[in-house]
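Asker: The structure file protein_17.txt (compact mmCIF, C-alpha atoms) is provided below.
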# COMPACT_ATOMS: atom_id res chain seq x y z
CA MET L 1 124.52 38.85 -103.80
CA ASP L 2 128.03 37.57 -104.58
CA GLN L 3 129.26 38.29 -101.06
CA ALA L 4 132.15 36.20 -99.59
CA LEU L 5 131.30 34.04 -96.56
CA ASN L 6 132.64 35.49 -93.30
CA LEU L 7 134.80 32.65 -91.98
CA ILE L 8 136.35 34.45 -89.01
CA PRO L 9 133.67 33.50 -86.41
CA PHE L 10 133.81 29.91 -87.67
CA ILE L 11 137.61 29.85 -87.25
CA ALA L 12 137.25 31.27 -83.74
CA PHE L 13 134.79 28.48 -82.93
CA LEU L 14 137.15 25.82 -84.33
CA SER L 15 140.06 27.28 -82.34
CA VAL L 16 138.09 26.92 -79.10
CA ILE L 17 137.21 23.29 -79.91
CA VAL L 18 140.83 22.48 -80.81
CA ALA L 19 142.08 23.99 -77.53
CA PHE L 20 139.48 22.00 -75.56
CA LEU L 21 140.35 18.74 -77.31
CA ILE L 22 144.11 19.25 -76.87
CA ALA L 23 143.56 19.76 -73.14
CA GLY L 24 141.44 16.62 -72.78
CA ALA L 25 143.03 14.22 -75.24
CA ALA L 26 144.81 11.09 -74.06
CA TRP L 27 148.32 11.57 -75.40
CA VAL L 28 149.47 8.42 -73.63
CA GLN L 29 147.97 5.26 -75.10
CA LEU L 30 147.26 2.58 -72.54
CA ALA L 31 147.25 -1.17 -73.03
CA GLN L 32 146.83 -4.13 -70.70
CA ILE L 33 148.62 -7.37 -69.92
CA GLN L 34 146.27 -10.08 -68.74
CA ILE L 35 147.66 -12.26 -65.98
CA ALA L 36 146.41 -15.16 -63.89
CA LEU L 37 146.97 -16.34 -60.38
CA PRO L 38 148.83 -19.68 -60.25
CA SER L 39 145.77 -21.70 -59.21
CA GLN L 40 143.83 -20.70 -62.33
CA PRO L 41 144.34 -21.64 -65.98
CA ALA L 42 146.29 -18.89 -67.73
CA PRO L 43 144.13 -16.29 -69.57
CA GLY L 44 142.73 -17.51 -72.88
CA GLN L 45 144.14 -20.98 -72.40
CA GLN L 46 142.21 -24.20 -72.08
CA LYS L 47 143.93 -27.19 -70.62
CA GLN L 48 144.13 -30.09 -73.00
CA ASP L 49 145.53 -33.53 -72.45
CA LYS L 50 148.72 -33.31 -74.49
CA GLY L 51 150.92 -35.49 -72.32
CA PRO L 52 153.61 -34.08 -70.05
CA GLU L 53 153.55 -30.30 -69.83
CA LEU L 54 156.56 -27.99 -70.09
CA THR L 55 155.51 -25.86 -67.06
CA LEU L 56 157.85 -23.08 -68.12
CA THR L 57 158.84 -21.00 -65.11
CA ILE L 58 160.89 -17.82 -64.88
CA ILE L 59 162.28 -17.17 -61.42
CA MET L 60 163.03 -13.49 -60.74
CA THR L 61 165.20 -12.63 -57.78
CA LEU L 62 166.95 -9.33 -57.15
CA ASN L 63 170.24 -10.37 -58.73
CA GLN L 64 169.33 -12.93 -61.40
CA LEU L 65 166.76 -14.53 -63.66
CA GLN L 66 166.41 -18.27 -64.03
CA ILE L 67 164.39 -20.38 -66.44
CA ALA L 68 163.05 -23.69 -65.20
CA GLY L 69 160.74 -26.34 -66.61
CA SER L 70 159.22 -29.56 -65.41
CA GLY L 71 162.09 -31.37 -63.73
CA ALA L 72 164.93 -29.12 -64.93
CA ALA L 73 166.40 -25.67 -64.49
CA LEU L 74 168.80 -23.77 -66.73
CA PRO L 75 171.85 -21.98 -65.29
CA PRO L 76 170.86 -18.59 -63.82
CA ILE L 77 171.19 -15.45 -65.95
CA LYS L 78 173.14 -13.14 -63.66
CA ASN L 79 172.49 -9.38 -63.66
CA LYS L 80 174.68 -7.10 -65.78
CA PRO L 81 176.52 -4.15 -64.23
CA ASP L 82 174.45 -0.95 -64.30
CA GLU L 83 176.41 1.46 -66.49
CA VAL L 84 174.00 4.34 -65.87
CA ASP L 85 173.95 4.14 -62.06
CA PRO L 86 177.25 2.84 -60.58
CA ASN L 87 175.67 2.90 -57.09
CA ASN L 88 173.28 0.14 -58.16
CA THR L 89 175.28 -2.80 -56.81
CA LEU L 90 172.64 -5.34 -57.85
CA GLY L 91 173.03 -4.45 -61.52
CA ILE L 92 170.31 -4.69 -64.14
CA TYR L 93 168.53 -7.72 -65.53
CA ASP L 94 170.10 -9.30 -68.61
CA LEU L 95 166.93 -9.21 -70.71
CA GLU L 96 168.80 -9.97 -73.93
CA GLY L 97 170.17 -13.15 -72.33
CA LEU L 98 166.68 -14.11 -71.16
CA GLU L 99 165.17 -13.47 -74.59
CA LYS L 100 167.83 -15.62 -76.28
CA LYS L 101 167.20 -18.56 -73.94
CA LEU L 102 163.43 -18.17 -74.15
CA LYS L 103 163.58 -18.13 -77.94
CA GLU L 104 165.58 -21.38 -77.92
CA ILE L 105 162.93 -22.98 -75.70
CA GLN L 106 160.06 -21.68 -77.85
CA ASP L 107 161.75 -23.06 -80.97
CA LYS L 108 161.65 -26.50 -79.34
CA PHE L 109 158.15 -26.09 -77.84
CA PRO L 110 156.32 -23.82 -80.33
CA ASP L 111 152.87 -24.71 -78.90
CA ASN L 112 153.73 -23.51 -75.43
CA ARG L 113 151.97 -20.26 -74.53
CA ASP L 114 152.10 -20.45 -70.75
CA VAL L 115 154.64 -19.26 -68.25
CA ILE L 116 154.70 -19.00 -64.48
CA MET L 117 156.67 -16.03 -63.21
CA ALA L 118 157.89 -16.70 -59.68
CA VAL L 119 158.95 -13.34 -58.30
CA GLN L 120 160.81 -12.36 -55.14
CA SER L 121 159.03 -9.75 -53.00
CA ALA L 122 161.58 -6.95 -53.43
CA VAL L 123 161.60 -7.05 -57.26
CA LYS L 124 160.33 -3.84 -58.89
CA TYR L 125 157.07 -3.90 -60.81
CA LYS L 126 158.69 -2.29 -63.90
CA ASP L 127 161.20 -5.18 -64.07
CA ILE L 128 158.36 -7.71 -63.86
CA VAL L 129 156.65 -5.98 -66.81
CA SER L 130 159.95 -5.96 -68.76
CA VAL L 131 160.18 -9.75 -68.37
CA MET L 132 156.48 -10.08 -69.32
CA ASP L 133 157.31 -8.13 -72.49
CA ILE L 134 160.01 -10.67 -73.40
CA CYS L 135 157.41 -13.44 -72.92
CA LEU L 136 154.84 -11.59 -75.08
CA LYS L 137 157.43 -11.08 -77.84
CA ASN L 138 157.95 -14.87 -77.87
CA ASN L 139 154.20 -15.63 -78.16
CA ILE L 140 153.84 -16.54 -74.51
CA ASP L 141 150.72 -14.71 -73.39
CA GLY L 142 149.40 -17.02 -70.68
CA ILE L 143 151.28 -15.38 -67.84
CA SER L 144 150.77 -16.44 -64.23
CA LEU L 145 152.32 -14.54 -61.34
CA ALA L 146 153.45 -16.34 -58.19
CA PRO L 147 155.56 -15.34 -55.20
CA TYR L 148 159.06 -16.81 -54.87
CA THR L 149 160.87 -17.34 -51.60
CA SER L 150 164.58 -18.06 -51.85
CA PRO L 151 166.13 -20.84 -49.71
CA ASP L 152 168.05 -18.14 -47.77
CA GLU L 153 164.79 -16.34 -46.92
CA ILE L 154 163.21 -19.60 -45.78
CA LYS L 155 166.22 -20.28 -43.54
CA ALA L 156 166.09 -16.73 -42.16
CA ARG L 157 162.37 -17.05 -41.34
CA ALA L 158 162.87 -20.47 -39.73
CA GLY L 159 165.67 -19.04 -37.58
CA LYS L 160 163.46 -16.25 -36.17
CA MET R 1 162.22 56.33 -112.11
CA ALA R 2 158.73 56.08 -113.46
CA GLY R 3 158.93 52.26 -113.31
CA LEU R 4 160.00 52.41 -109.68
CA PHE R 5 156.98 54.56 -108.66
CA LYS R 6 154.62 52.14 -110.38
CA HIS R 7 156.06 49.24 -108.38
CA LYS R 8 155.53 51.05 -105.04
CA LYS R 9 151.87 51.68 -105.86
CA LYS R 10 151.27 47.96 -106.42
CA ALA R 11 152.88 47.05 -103.07
CA THR R 12 150.39 49.14 -101.09
CA GLU R 13 147.44 46.97 -102.23
CA VAL R 14 146.35 44.64 -99.38
CA PRO R 15 145.77 41.09 -100.67
CA GLU R 16 142.63 39.36 -99.42
CA LEU R 17 143.36 36.63 -96.84
CA GLN R 18 142.45 33.11 -98.02
CA LEU R 19 140.89 31.38 -95.00
CA ASN R 20 139.51 28.27 -96.69
CA SER R 21 142.72 26.26 -96.31
CA LEU R 22 142.98 27.28 -92.65
CA VAL R 23 139.45 25.97 -92.04
CA ASP R 24 140.48 22.68 -93.71
CA VAL R 25 143.49 22.36 -91.41
CA PHE R 26 141.36 22.99 -88.32
CA THR R 27 138.74 20.47 -89.41
CA THR R 28 141.39 17.74 -89.93
CA LEU R 29 142.94 18.57 -86.57
CA ILE R 30 139.55 18.26 -84.87
CA PHE R 31 138.95 14.79 -86.30
CA PHE R 32 142.41 13.69 -85.15
CA LEU R 33 141.91 15.09 -81.66
CA LEU R 34 138.40 13.63 -81.35
CA GLN R 35 139.89 10.19 -82.05
CA LEU R 36 142.51 10.68 -79.30
CA PHE R 37 139.85 12.04 -76.94
CA ALA R 38 137.56 9.04 -77.48
CA SER R 39 140.30 6.43 -77.01
CA GLY R 40 141.33 7.84 -73.66
CA ALA R 41 137.90 8.14 -72.11
CA GLU R 42 138.00 4.87 -70.15
CA SER R 43 141.59 5.05 -69.03
CA VAL R 44 142.06 7.77 -66.48
CA VAL R 45 145.24 7.26 -64.46
CA SER R 46 145.96 8.91 -61.11
CA LYS R 47 148.58 11.66 -61.38
CA ASP R 48 150.68 9.93 -58.68
CA ILE R 49 151.12 6.82 -60.83
CA LEU R 50 153.78 6.37 -63.48
CA LEU R 51 152.73 3.22 -65.32
CA PRO R 52 155.38 0.84 -66.70
CA LEU R 53 156.08 0.74 -70.43
CA SER R 54 155.19 -2.37 -72.42
CA VAL R 55 154.99 -3.77 -75.94
CA SER R 56 151.51 -5.14 -75.22
CA GLN R 57 148.95 -4.09 -77.82
CA ARG R 58 145.87 -5.44 -76.05
CA GLU R 59 143.29 -2.67 -75.71
CA ILE R 60 142.39 -1.70 -72.18
CA VAL R 61 138.79 -2.33 -71.15
CA ALA R 62 137.00 -0.19 -68.59
CA ASP R 63 136.35 -2.10 -65.36
CA THR R 64 137.01 -2.06 -61.63
CA VAL R 65 140.32 -0.23 -61.19
CA ILE R 66 142.75 -0.82 -58.34
CA ALA R 67 145.40 1.90 -58.40
CA ILE R 68 148.65 1.40 -56.49
CA THR R 69 150.55 4.65 -55.96
CA PRO R 70 153.91 4.64 -54.10
CA ASP R 71 151.97 5.45 -50.88
CA GLN R 72 148.39 4.25 -51.16
CA ILE R 73 146.00 1.75 -52.69
CA LEU R 74 142.96 3.32 -54.33
CA VAL R 75 139.79 1.69 -55.65
CA GLU R 76 137.70 3.78 -58.05
CA GLY R 77 139.66 6.81 -56.85
CA PHE R 78 139.08 6.27 -53.11
CA SER R 79 141.96 5.43 -50.77
CA VAL R 80 141.46 2.02 -49.13
CA ALA R 81 144.89 1.25 -47.66
CA ASN R 82 148.20 2.82 -46.77
CA ILE R 83 151.13 0.88 -48.24
CA ALA R 84 153.60 1.58 -45.42
CA GLU R 85 151.07 0.26 -42.86
CA GLU R 86 150.35 -2.86 -44.91
CA VAL R 87 154.02 -3.71 -45.50
CA ALA R 88 154.60 -3.38 -41.75
CA LYS R 89 152.43 -6.50 -41.28
CA PRO R 90 154.77 -9.14 -42.79
CA THR R 91 152.59 -12.19 -42.16
CA GLU R 92 149.27 -10.88 -43.53
CA LEU R 93 148.59 -11.30 -47.22
CA VAL R 94 145.04 -9.94 -47.25
CA ILE R 95 144.63 -6.15 -47.26
CA PRO R 96 141.51 -5.55 -45.09
CA GLY R 97 140.51 -2.16 -46.60
CA LEU R 98 140.80 -3.50 -50.13
CA LYS R 99 138.94 -6.68 -49.23
CA ALA R 100 136.05 -4.66 -47.75
CA ILE R 101 135.52 -2.52 -50.84
CA LEU R 102 135.91 -5.43 -53.26
CA THR R 103 133.27 -7.31 -51.25
CA LYS R 104 130.92 -4.33 -51.70
CA ILE R 105 131.60 -4.19 -55.45
CA LYS R 106 130.93 -7.91 -55.73
CA GLN R 107 127.70 -7.60 -53.72
CA ARG R 108 126.58 -4.72 -55.96
CA ALA R 109 127.30 -6.86 -59.03
CA ASN R 110 125.32 -9.75 -57.51
CA VAL R 111 122.32 -7.46 -56.98
CA TRP R 112 122.44 -6.52 -60.66
CA GLN R 113 122.70 -10.20 -61.61
CA GLU R 114 119.62 -11.03 -59.54
CA ALA R 115 117.78 -8.14 -61.18
CA GLY R 116 118.54 -9.69 -64.58
CA ALA R 117 121.58 -7.77 -65.81
CA LEU R 118 122.37 -8.40 -69.47
CA GLU R 119 126.06 -9.09 -68.90
CA ALA R 120 127.30 -11.72 -66.48
CA TRP R 121 129.76 -10.56 -63.81
CA GLU R 122 133.17 -11.95 -64.68
CA GLY R 123 135.25 -10.56 -61.82
CA ARG R 124 137.47 -8.38 -63.98
CA VAL R 125 139.88 -5.98 -62.39
CA ILE R 126 142.53 -3.65 -63.80
CA ILE R 127 145.59 -2.90 -61.72
CA GLN R 128 147.22 0.45 -62.35
CA GLY R 129 150.49 0.14 -60.49
CA ASP R 130 153.31 2.66 -60.26
CA ARG R 131 156.40 1.28 -62.01
CA ASP R 132 158.53 1.57 -58.85
CA ILE R 133 156.37 -0.42 -56.43
CA ASN R 134 157.69 -3.75 -55.16
CA PHE R 135 156.16 -7.13 -55.94
CA GLU R 136 155.43 -7.45 -52.20
CA ILE R 137 152.48 -5.05 -52.38
CA LEU R 138 151.34 -6.26 -55.81
CA LYS R 139 151.32 -9.83 -54.44
CA ARG R 140 149.02 -8.80 -51.60
CA VAL R 141 146.68 -6.93 -53.95
CA LEU R 142 146.52 -9.96 -56.27
CA PHE R 143 145.90 -12.29 -53.34
CA THR R 144 143.12 -10.10 -51.91
CA ALA R 145 141.46 -9.71 -55.31
CA GLY R 146 141.68 -13.46 -55.90
CA GLN R 147 140.10 -14.16 -52.51
CA GLU R 148 137.13 -11.96 -53.44
CA GLY R 149 136.57 -13.72 -56.77
CA PHE R 150 138.23 -11.10 -59.01
CA SER R 151 140.08 -13.63 -61.10
CA LEU R 152 140.41 -11.88 -64.47
CA ILE R 153 143.27 -9.57 -63.65
CA SER R 154 144.90 -7.13 -66.07
CA LEU R 155 147.88 -4.87 -65.55
CA ALA R 156 147.59 -1.41 -67.11
CA VAL R 157 150.69 -0.33 -69.03
CA ILE R 158 151.77 2.44 -71.39
CA LYS R 159 151.92 1.22 -74.97
CA THR R 160 155.35 1.74 -76.51
CA GLY R 161 155.00 0.23 -79.97
Could I get this structure in the form of structure tokens?
Answerer:
Amino acid sequence: MDQALNLIPFIAFLSVIVAFLIAGAAWVQLAQIQIALPSQPAPGQQKQDKGPELTLTIIMTLNQLQIAGSGAALPPIKNKPDEVDPNNTLGIYDLEGLEKKLKEIQDKFPDNRDVIMAVQSAVKYKDIVSVMDICLKNNIDGISLAPYTSPDEIKARAGK
Amino acid sequence: MAGLFKHKKKATEVPELQLNSLVDVFTTLIFFLLQLFASGAESVVSKDILLPLSVSQREIVADTVIAITPDQILVEGFSVANIAEEVAKPTELVIPGLKAILTKIKQRANVWQEAGALEAWEGRVIIQGDRDINFEILKRVLFTAGQEGFSLISLAVIKTG
């Protein structure tokens, strides 16, 4: 009557389940960044009449980042040299420089949660997300994406 | 010598294997894996797409998915446009193949609305873009989605924090 329970079939069963779950589990955790098109209010934001708006804008071109607001623009943040890939003549974005400037602006306008990102066509998606991350870290989650055409591109198109 | 012989006799006895702790380990592992399995159910990413990394913590919600691989645009897993062909048309912002399928999805949602669906159609779309695509193609996808009334747009990213 005092016979020990035979656990070996149970362990075999558990091993099969573990193997199945390891094969199907999502090891990479996904998240999302909500964005808006420029014509719409930014996600989660409701427009209120608070006087003149900041209209914070980050302009991303291939070789620099620039912060602008209503009626003013800060000096551009030029790309840093790429130490990993010397063939990359454009360099890499100075995200630390951008974060520092953005933090200064957010200290002065703590209620601002909106930004318009004006992006040149050739900019890589991963770089856009890196800049979005800097915005999210500074409590700016109302991100709108818009295309940016540089004056040189406009001239080139007009000349065609 | 006698002591030595006694010791050898003891060593030949086979101890009984204790399996209870092993069963405990397996059970814990199964709970952990079930949690991982459940959280990834709604977020299947095409193997051709390497999503960008982000600090965003906002949970992804299952909805209409537009996947942008380095070569193609896919909606719900079906190819709707070739990127090289689309980029070759510099003046056109609307992607016709994408527009056609989004129109169908919207029409399908409208039919459900008319039939009294419990949830209102909000025009949500998730964009799963490869990290190395250019903004040029993303801009056209956003424009086409916006034209079709898909205005709640989310970008899928890999959580880093």
Asker: Tell me as an MDAnalysis selection string which residues belonging to chain R come within 8 Å of chain L, counting only C-alpha atoms.
Answerer: chainID R and resid 19:20 23 26:27 29:30 33:34 36:41 43 52:60 129:136 138:139 142 146 151:159
Asker: So which residues touch Asp63 (chain R) within 7 Å, counting all atoms listed in the file, skipping near sequence neighbours fewer than 2 positions away, as an MDAnalysis selection string?
Answerer: chainID R and resid 61 65 124:126
Asker: One number please: CA of Asp152 (chain L) to CA of Ile105 (chain L), in Å, one decimal.
Answerer: 28.8 Å
Asker: When you draw a straight line from CA of Gln128 (chain R) to CA of Val141 (chain R), how long is it in Å?
Answerer: 11.2 Å
Asker: What's the separation between CA of Glu99 (chain L) and CA of Asn138 (chain L), in Å to one decimal place?
Answerer: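 Separation of CA of Glu99 (chain L) and CA of Asn138 (chain L): 8.1 Å.
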Asker: Can you work out which one of L:Ile143, L:Ile116, L:Asn79, L:Ser150 has the shortest atom-to-atom distance to Leu56 (chain L), counting all atoms listed in the file?
Answerer: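 Using all atoms listed in the file, the shortest distance to Leu56 (chain L) belongs to L:Ile116.
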Asker: Which of these, R:Leu98, R:Ile137, R:Val111, R:Ile105, has the shortest distance to Asp71 (chain R) once you count all atoms listed in the file?
Answerer: R:Ile137
